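Enquirer: Next comes run_30.cif, mmCIF, N, CA and C atoms:
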```cif
data_query
loop_
_atom_site.group_PDB
_atom_site.id
_atom_site.type_symbol
_atom_site.label_atom_id
_atom_site.label_comp_id
_atom_site.auth_asym_id
_atom_site.auth_seq_id
_atom_site.Cartn_x
_atom_site.Cartn_y
_atom_site.Cartn_z
ATOM 1 N N MET A 1 -134.071 -46.135 -8.885
ATOM 2 C CA MET A 1 -133.616 -44.837 -8.435
ATOM 3 C C MET A 1 -132.395 -44.985 -7.521
ATOM 4 N N TRP A 2 -132.499 -45.859 -6.550
ATOM 5 C CA TRP A 2 -131.394 -46.043 -5.630
ATOM 6 C C TRP A 2 -130.176 -46.640 -6.332
ATOM 7 N N ARG A 3 -130.416 -47.397 -7.416
ATOM 8 C CA ARG A 3 -129.294 -47.966 -8.176
ATOM 9 C C ARG A 3 -128.521 -46.862 -8.901
ATOM 10 N N THR A 4 -129.218 -45.904 -9.445
ATOM 11 C CA THR A 4 -128.514 -44.821 -10.135
ATOM 12 C C THR A 4 -127.740 -43.976 -9.136
ATOM 13 N N GLU A 5 -128.301 -43.746 -7.947
ATOM 14 C CA GLU A 5 -127.568 -43.008 -6.905
ATOM 15 C C GLU A 5 -126.353 -43.798 -6.441
ATOM 16 N N ALA A 6 -126.523 -45.080 -6.261
ATOM 17 C CA ALA A 6 -125.397 -45.930 -5.864
ATOM 18 C C ALA A 6 -124.327 -45.934 -6.952
ATOM 19 N N GLN A 7 -124.776 -45.999 -8.187
ATOM 20 C CA GLN A 7 -123.825 -45.997 -9.303
ATOM 21 C C GLN A 7 -123.037 -44.683 -9.346
ATOM 22 N N THR A 8 -123.682 -43.543 -9.153
ATOM 23 C CA THR A 8 -122.986 -42.253 -9.160
ATOM 24 C C THR A 8 -122.026 -42.154 -7.975
ATOM 25 N N GLN A 9 -122.421 -42.699 -6.822
ATOM 26 C CA GLN A 9 -121.518 -42.693 -5.661
ATOM 27 C C GLN A 9 -120.293 -43.574 -5.917
ATOM 28 N N ILE A 10 -120.521 -44.702 -6.580
ATOM 29 C CA ILE A 10 -119.395 -45.588 -6.910
ATOM 30 C C ILE A 10 -118.452 -44.888 -7.881
ATOM 31 N N ILE A 11 -119.007 -44.227 -8.872
ATOM 32 C CA ILE A 11 -118.167 -43.510 -9.841
ATOM 33 C C ILE A 11 -117.401 -42.396 -9.144
ATOM 34 N N ARG A 12 -118.084 -41.661 -8.258
ATOM 35 C CA ARG A 12 -117.404 -40.587 -7.521
ATOM 36 C C ARG A 12 -116.295 -41.151 -6.626
ATOM 37 N N ALA A 13 -116.558 -42.261 -5.967
ATOM 38 C CA ALA A 13 -115.555 -42.890 -5.111
ATOM 39 C C ALA A 13 -114.351 -43.346 -5.926
ATOM 40 N N LYS A 14 -114.604 -43.892 -7.116
ATOM 41 C CA LYS A 14 -113.508 -44.331 -7.978
ATOM 42 C C LYS A 14 -112.669 -43.145 -8.433
ATOM 43 N N ARG A 15 -113.345 -42.038 -8.771
ATOM 44 C CA ARG A 15 -112.607 -40.840 -9.170
ATOM 45 C C ARG A 15 -111.753 -40.311 -8.021
ATOM 46 N N GLU A 16 -112.311 -40.308 -6.820
ATOM 47 C CA GLU A 16 -111.535 -39.865 -5.644
ATOM 48 C C GLU A 16 -110.345 -40.789 -5.412
ATOM 49 N N ASN A 17 -110.579 -42.083 -5.600
ATOM 50 C CA ASN A 17 -109.500 -43.059 -5.423
ATOM 51 C C ASN A 17 -108.380 -42.802 -6.432
ATOM 52 N N VAL A 18 -108.743 -42.547 -7.688
ATOM 53 C CA VAL A 18 -107.749 -42.255 -8.718
ATOM 54 C C VAL A 18 -107.015 -40.963 -8.383
ATOM 55 N N ALA A 19 -107.748 -39.944 -7.908
ATOM 56 C CA ALA A 19 -107.112 -38.675 -7.539
ATOM 57 C C ALA A 19 -106.130 -38.882 -6.391
ATOM 58 N N ILE A 20 -106.508 -39.690 -5.422
ATOM 59 C CA ILE A 20 -105.613 -39.973 -4.290
ATOM 60 C C ILE A 20 -104.377 -40.717 -4.773
ATOM 61 N N GLN A 21 -104.549 -41.685 -5.674
ATOM 62 C CA GLN A 21 -103.404 -42.421 -6.203
ATOM 63 C C GLN A 21 -102.475 -41.499 -6.991
ATOM 64 N N LEU A 22 -103.057 -40.595 -7.779
ATOM 65 C CA LEU A 22 -102.233 -39.649 -8.536
ATOM 66 C C LEU A 22 -101.471 -38.727 -7.595
ATOM 67 N N GLU A 23 -102.128 -38.274 -6.536
ATOM 68 C CA GLU A 23 -101.447 -37.409 -5.576
ATOM 69 C C GLU A 23 -100.323 -38.159 -4.869
ATOM 70 N N ALA A 24 -100.560 -39.419 -4.520
ATOM 71 C CA ALA A 24 -99.520 -40.226 -3.873
ATOM 72 C C ALA A 24 -98.326 -40.413 -4.807
ATOM 73 N N ALA A 25 -98.600 -40.656 -6.084
ATOM 74 C CA ALA A 25 -97.508 -40.818 -7.057
ATOM 75 C C ALA A 25 -96.751 -39.508 -7.211
ATOM 76 N N TYR A 26 -97.478 -38.390 -7.256
ATOM 77 C CA TYR A 26 -96.843 -37.074 -7.371
ATOM 78 C C TYR A 26 -95.946 -36.801 -6.164
ATOM 79 N N ARG A 27 -96.462 -37.076 -4.978
ATOM 80 C CA ARG A 27 -95.658 -36.851 -3.768
ATOM 81 C C ARG A 27 -94.433 -37.757 -3.732
ATOM 82 N N GLY A 28 -94.585 -38.977 -4.203
ATOM 83 C CA GLY A 28 -93.437 -39.886 -4.269
ATOM 84 C C GLY A 28 -92.363 -39.364 -5.204
ATOM 85 N N ARG A 29 -92.777 -38.876 -6.383
ATOM 86 C CA ARG A 29 -91.810 -38.303 -7.322
ATOM 87 C C ARG A 29 -91.171 -37.047 -6.744
ATOM 88 N N LEU A 30 -91.963 -36.257 -6.048
ATOM 89 C CA LEU A 30 -91.440 -35.042 -5.430
ATOM 90 C C LEU A 30 -90.383 -35.372 -4.372
ATOM 91 N N ILE A 31 -90.640 -36.388 -3.566
ATOM 92 C CA ILE A 31 -89.664 -36.802 -2.549
ATOM 93 C C ILE A 31 -88.399 -37.339 -3.205
ATOM 94 N N ARG A 32 -88.549 -38.132 -4.276
ATOM 95 C CA ARG A 32 -87.370 -38.652 -4.987
ATOM 96 C C ARG A 32 -86.543 -37.515 -5.567
ATOM 97 N N ALA A 33 -87.216 -36.540 -6.173
ATOM 98 C CA ALA A 33 -86.493 -35.397 -6.753
ATOM 99 C C ALA A 33 -85.780 -34.615 -5.659
ATOM 100 N N TYR A 34 -86.454 -34.398 -4.532
ATOM 101 C CA TYR A 34 -85.836 -33.683 -3.412
ATOM 102 C C TYR A 34 -84.598 -34.423 -2.921
ATOM 103 N N ASN A 35 -84.717 -35.725 -2.752
ATOM 104 C CA ASN A 35 -83.576 -36.513 -2.255
ATOM 105 C C ASN A 35 -82.411 -36.493 -3.234
ATOM 106 N N GLN A 36 -82.689 -36.553 -4.533
ATOM 107 C CA GLN A 36 -81.609 -36.515 -5.518
ATOM 108 C C GLN A 36 -80.909 -35.159 -5.518
ATOM 109 N N VAL A 37 -81.686 -34.085 -5.446
ATOM 110 C CA VAL A 37 -81.087 -32.749 -5.410
ATOM 111 C C VAL A 37 -80.276 -32.579 -4.136
ATOM 112 N N LYS A 38 -80.813 -33.032 -3.012
ATOM 113 C CA LYS A 38 -80.091 -32.924 -1.741
ATOM 114 C C LYS A 38 -78.793 -33.712 -1.784
ATOM 115 N N ARG A 39 -78.844 -34.913 -2.359
ATOM 116 C CA ARG A 39 -77.635 -35.728 -2.462
ATOM 117 C C ARG A 39 -76.581 -35.039 -3.322
ATOM 118 N N ARG A 40 -77.005 -34.447 -4.429
ATOM 119 C CA ARG A 40 -76.056 -33.759 -5.305
ATOM 120 C C ARG A 40 -75.473 -32.522 -4.638
ATOM 121 N N LEU A 41 -76.298 -31.782 -3.922
ATOM 122 C CA LEU A 41 -75.792 -30.598 -3.215
ATOM 123 C C LEU A 41 -74.839 -31.004 -2.091
ATOM 124 N N ASP A 42 -75.168 -32.084 -1.378
ATOM 125 C CA ASP A 42 -74.259 -32.569 -0.333
ATOM 126 C C ASP A 42 -72.921 -32.977 -0.935
ATOM 127 N N TYR A 43 -72.954 -33.596 -2.120
ATOM 128 C CA TYR A 43 -71.723 -33.974 -2.800
ATOM 129 C C TYR A 43 -70.894 -32.731 -3.124
ATOM 130 N N GLN A 44 -71.552 -31.691 -3.629
ATOM 131 C CA GLN A 44 -70.832 -30.462 -3.961
ATOM 132 C C GLN A 44 -70.229 -29.819 -2.712
ATOM 133 N N VAL A 45 -70.958 -29.844 -1.603
ATOM 134 C CA VAL A 45 -70.435 -29.291 -0.352
ATOM 135 C C VAL A 45 -69.227 -30.102 0.109
ATOM 136 N N ASP A 46 -69.342 -31.427 0.067
ATOM 137 C CA ASP A 46 -68.211 -32.278 0.461
ATOM 138 C C ASP A 46 -67.007 -32.053 -0.447
ATOM 139 N N LEU A 47 -67.259 -31.906 -1.738
ATOM 140 C CA LEU A 47 -66.171 -31.653 -2.683
ATOM 141 C C LEU A 47 -65.489 -30.316 -2.391
ATOM 142 N N ALA A 48 -66.279 -29.289 -2.104
ATOM 143 C CA ALA A 48 -65.708 -27.974 -1.779
ATOM 144 C C ALA A 48 -64.909 -28.045 -0.481
ATOM 145 N N ASN A 49 -65.425 -28.761 0.520
ATOM 146 C CA ASN A 49 -64.692 -28.906 1.787
ATOM 147 C C ASN A 49 -63.385 -29.653 1.584
ATOM 148 N N LEU A 50 -63.419 -30.705 0.787
ATOM 149 C CA LEU A 50 -62.201 -31.470 0.523
ATOM 150 C C LEU A 50 -61.188 -30.621 -0.228
ATOM 151 N N THR A 51 -61.641 -29.870 -1.218
ATOM 152 C CA THR A 51 -60.742 -29.001 -1.978
ATOM 153 C C THR A 51 -60.102 -27.969 -1.062
ATOM 154 N N ARG A 52 -60.904 -27.363 -0.198
ATOM 155 C CA ARG A 52 -60.374 -26.364 0.724
ATOM 156 C C ARG A 52 -59.369 -26.997 1.692
ATOM 157 N N THR A 53 -59.656 -28.199 2.163
ATOM 158 C CA THR A 53 -58.736 -28.880 3.078
ATOM 159 C C THR A 53 -57.411 -29.192 2.396
ATOM 160 N N VAL A 54 -57.479 -29.700 1.168
ATOM 161 C CA VAL A 54 -56.251 -30.027 0.432
ATOM 162 C C VAL A 54 -55.452 -28.756 0.159
ATOM 163 N N GLN A 55 -56.125 -27.693 -0.260
ATOM 164 C CA GLN A 55 -55.434 -26.435 -0.518
ATOM 165 C C GLN A 55 -54.792 -25.891 0.763
ATOM 166 N N HIS A 56 -55.505 -26.026 1.871
ATOM 167 C CA HIS A 56 -54.972 -25.544 3.147
ATOM 168 C C HIS A 56 -53.709 -26.331 3.530
ATOM 169 N N LYS A 57 -53.773 -27.651 3.409
ATOM 170 C CA LYS A 57 -52.602 -28.473 3.736
ATOM 171 C C LYS A 57 -51.428 -28.139 2.825
ATOM 172 N N PHE A 58 -51.707 -27.966 1.545
ATOM 173 C CA PHE A 58 -50.648 -27.629 0.596
ATOM 174 C C PHE A 58 -50.013 -26.296 0.963
ATOM 175 N N MET A 59 -50.856 -25.302 1.292
ATOM 176 C CA MET A 59 -50.331 -23.978 1.621
ATOM 177 C C MET A 59 -49.497 -24.023 2.904
ATOM 178 N N VAL A 60 -49.973 -24.758 3.898
ATOM 179 C CA VAL A 60 -49.219 -24.867 5.147
ATOM 180 C C VAL A 60 -47.871 -25.523 4.882
ATOM 181 N N ASN A 61 -47.869 -26.618 4.134
ATOM 182 C CA ASN A 61 -46.612 -27.294 3.822
ATOM 183 C C ASN A 61 -45.678 -26.392 3.018
ATOM 184 N N TRP A 62 -46.215 -25.635 2.087
ATOM 185 C CA TRP A 62 -45.408 -24.728 1.283
ATOM 186 C C TRP A 62 -44.780 -23.649 2.155
ATOM 187 N N ILE A 63 -45.562 -23.082 3.063
ATOM 188 C CA ILE A 63 -45.044 -22.040 3.961
ATOM 189 C C ILE A 63 -43.967 -22.608 4.865
ATOM 190 N N VAL A 64 -44.231 -23.770 5.443
ATOM 191 C CA VAL A 64 -43.257 -24.383 6.352
ATOM 192 C C VAL A 64 -41.967 -24.699 5.599
ATOM 193 N N ASP A 65 -42.084 -25.238 4.403
ATOM 194 C CA ASP A 65 -40.883 -25.555 3.617
ATOM 195 C C ASP A 65 -40.085 -24.296 3.279
ATOM 196 N N ASN A 66 -40.782 -23.224 2.912
ATOM 197 C CA ASN A 66 -40.083 -21.980 2.600
ATOM 198 C C ASN A 66 -39.418 -21.372 3.827
ATOM 199 N N VAL A 67 -40.078 -21.463 4.957
ATOM 200 C CA VAL A 67 -39.469 -20.941 6.188
ATOM 201 C C VAL A 67 -38.235 -21.759 6.542
ATOM 202 N N LYS A 68 -38.344 -23.071 6.424
ATOM 203 C CA LYS A 68 -37.189 -23.927 6.726
ATOM 204 C C LYS A 68 -36.029 -23.628 5.779
ATOM 205 N N SER A 69 -36.327 -23.474 4.496
ATOM 206 C CA SER A 69 -35.248 -23.190 3.554
ATOM 207 C C SER A 69 -34.660 -21.806 3.814
ATOM 208 N N SER A 70 -35.502 -20.868 4.214
ATOM 209 C CA SER A 70 -35.002 -19.536 4.538
ATOM 210 C C SER A 70 -34.080 -19.595 5.746
ATOM 211 N N ILE A 71 -34.457 -20.366 6.741
ATOM 212 C CA ILE A 71 -33.614 -20.507 7.934
ATOM 213 C C ILE A 71 -32.288 -21.157 7.549
ATOM 214 N N ASN A 72 -32.351 -22.186 6.722
ATOM 215 C CA ASN A 72 -31.123 -22.854 6.296
ATOM 216 C C ASN A 72 -30.230 -21.912 5.493
ATOM 217 N N GLU A 73 -30.835 -21.088 4.643
ATOM 218 C CA GLU A 73 -30.046 -20.134 3.863
ATOM 219 C C GLU A 73 -29.379 -19.113 4.780
ATOM 220 N N LYS A 74 -30.092 -18.652 5.802
ATOM 221 C CA LYS A 74 -29.502 -17.685 6.744
ATOM 222 C C LYS A 74 -28.373 -18.322 7.518
ATOM 223 N N GLU A 75 -28.572 -19.570 7.930
ATOM 224 C CA GLU A 75 -27.502 -20.254 8.665
ATOM 225 C C GLU A 75 -26.291 -20.456 7.762
ATOM 226 N N ASN A 76 -26.521 -20.838 6.542
ATOM 227 C CA ASN A 76 -25.405 -21.023 5.602
ATOM 228 C C ASN A 76 -24.691 -19.698 5.349
ATOM 229 N N PHE A 77 -25.456 -18.620 5.242
ATOM 230 C CA PHE A 77 -24.864 -17.306 5.038
ATOM 231 C C PHE A 77 -24.016 -16.908 6.242
ATOM 232 N N LYS A 78 -24.534 -17.159 7.448
ATOM 233 C CA LYS A 78 -23.774 -16.850 8.663
ATOM 234 C C LYS A 78 -22.496 -17.683 8.727
ATOM 235 N N LYS A 79 -22.595 -18.952 8.370
ATOM 236 C CA LYS A 79 -21.416 -19.803 8.369
ATOM 237 C C LYS A 79 -20.391 -19.303 7.355
ATOM 238 N N LEU A 80 -20.879 -18.892 6.212
ATOM 239 C CA LEU A 80 -19.989 -18.376 5.186
ATOM 240 C C LEU A 80 -19.286 -17.119 5.675
ATOM 241 N N LEU A 81 -20.027 -16.192 6.279
ATOM 242 C CA LEU A 81 -19.420 -14.963 6.806
ATOM 243 C C LEU A 81 -18.438 -15.289 7.931
ATOM 244 N N PHE A 82 -18.804 -16.182 8.781
ATOM 245 C CA PHE A 82 -17.921 -16.561 9.893
ATOM 246 C C PHE A 82 -16.644 -17.182 9.376
ATOM 247 N N ASN A 83 -16.786 -18.081 8.383
ATOM 248 C CA ASN A 83 -15.588 -18.715 7.807
ATOM 249 C C ASN A 83 -14.734 -17.709 7.059
ATOM 250 N N THR A 84 -15.317 -16.708 6.455
ATOM 251 C CA THR A 84 -14.580 -15.691 5.737
ATOM 252 C C THR A 84 -13.752 -14.858 6.694
ATOM 253 N N TYR A 85 -14.337 -14.488 7.834
ATOM 254 C CA TYR A 85 -13.616 -13.699 8.815
ATOM 255 C C TYR A 85 -12.516 -14.483 9.475
ATOM 256 N N ILE A 86 -12.712 -15.771 9.634
ATOM 257 C CA ILE A 86 -11.684 -16.586 10.276
ATOM 258 C C ILE A 86 -10.502 -16.741 9.343
ATOM 259 N N LEU A 87 -10.717 -16.925 8.083
ATOM 260 C CA LEU A 87 -9.620 -17.113 7.128
ATOM 261 C C LEU A 87 -8.986 -15.797 6.887
#
```
Could the structure of this file be written out as structure tokens, please?
Expert:
Amino acid sequence: MWRTEAQTQIIRAKRENVAIQLEAAYRGRLIRAYNQVKRRLDYQVDLANLTRTVQHKFMVNWIVDNVKSSINEKENFKKLLFNTYIL
């Protein structure tokens, strides 16, 4: 009698052990999936930040270059008018 009870307890313990191992494997896969998704999202955020930074630098340089060329054109125009009046 006690052997059959011991045997059922052993079987129950083995089933619990298997369930715990399956849960541990599931949690491990869940953590791996979370880390991979987080890494990919972080990459996308970094890529968006880099794109915005490059676009910002390009726009600033474009504006500065246009302002400089505009100033040079105005100075050249003034010089031309001044030289015209002198001649």
Enquirer: Quick one: distance from CA of Lys57 in chain A to atom C of Leu41 in chain A in Å, one decimal?
Expert: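 That distance, rounded to one decimal, is 23.1 Å.
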Enquirer: Please write out, as JSON, where the centre of an axis-aligned box around all listed atoms of range 5-21 of chain A lies and how long its edges are, in Å to one decimal, after adding 3 Å on each side.
Expert:
```
{"center_x": -115.4, "center_y": -42.3, "center_z": -7.1, "size_x": 31.8, "size_y": 13.3, "size_z": 11.6}
```
Enquirer: Could you tell me how far CA of Val45 in chain A lies from CA of Ala33 in chain A, in Å and to one decimal?
Expert: 18.3 Å
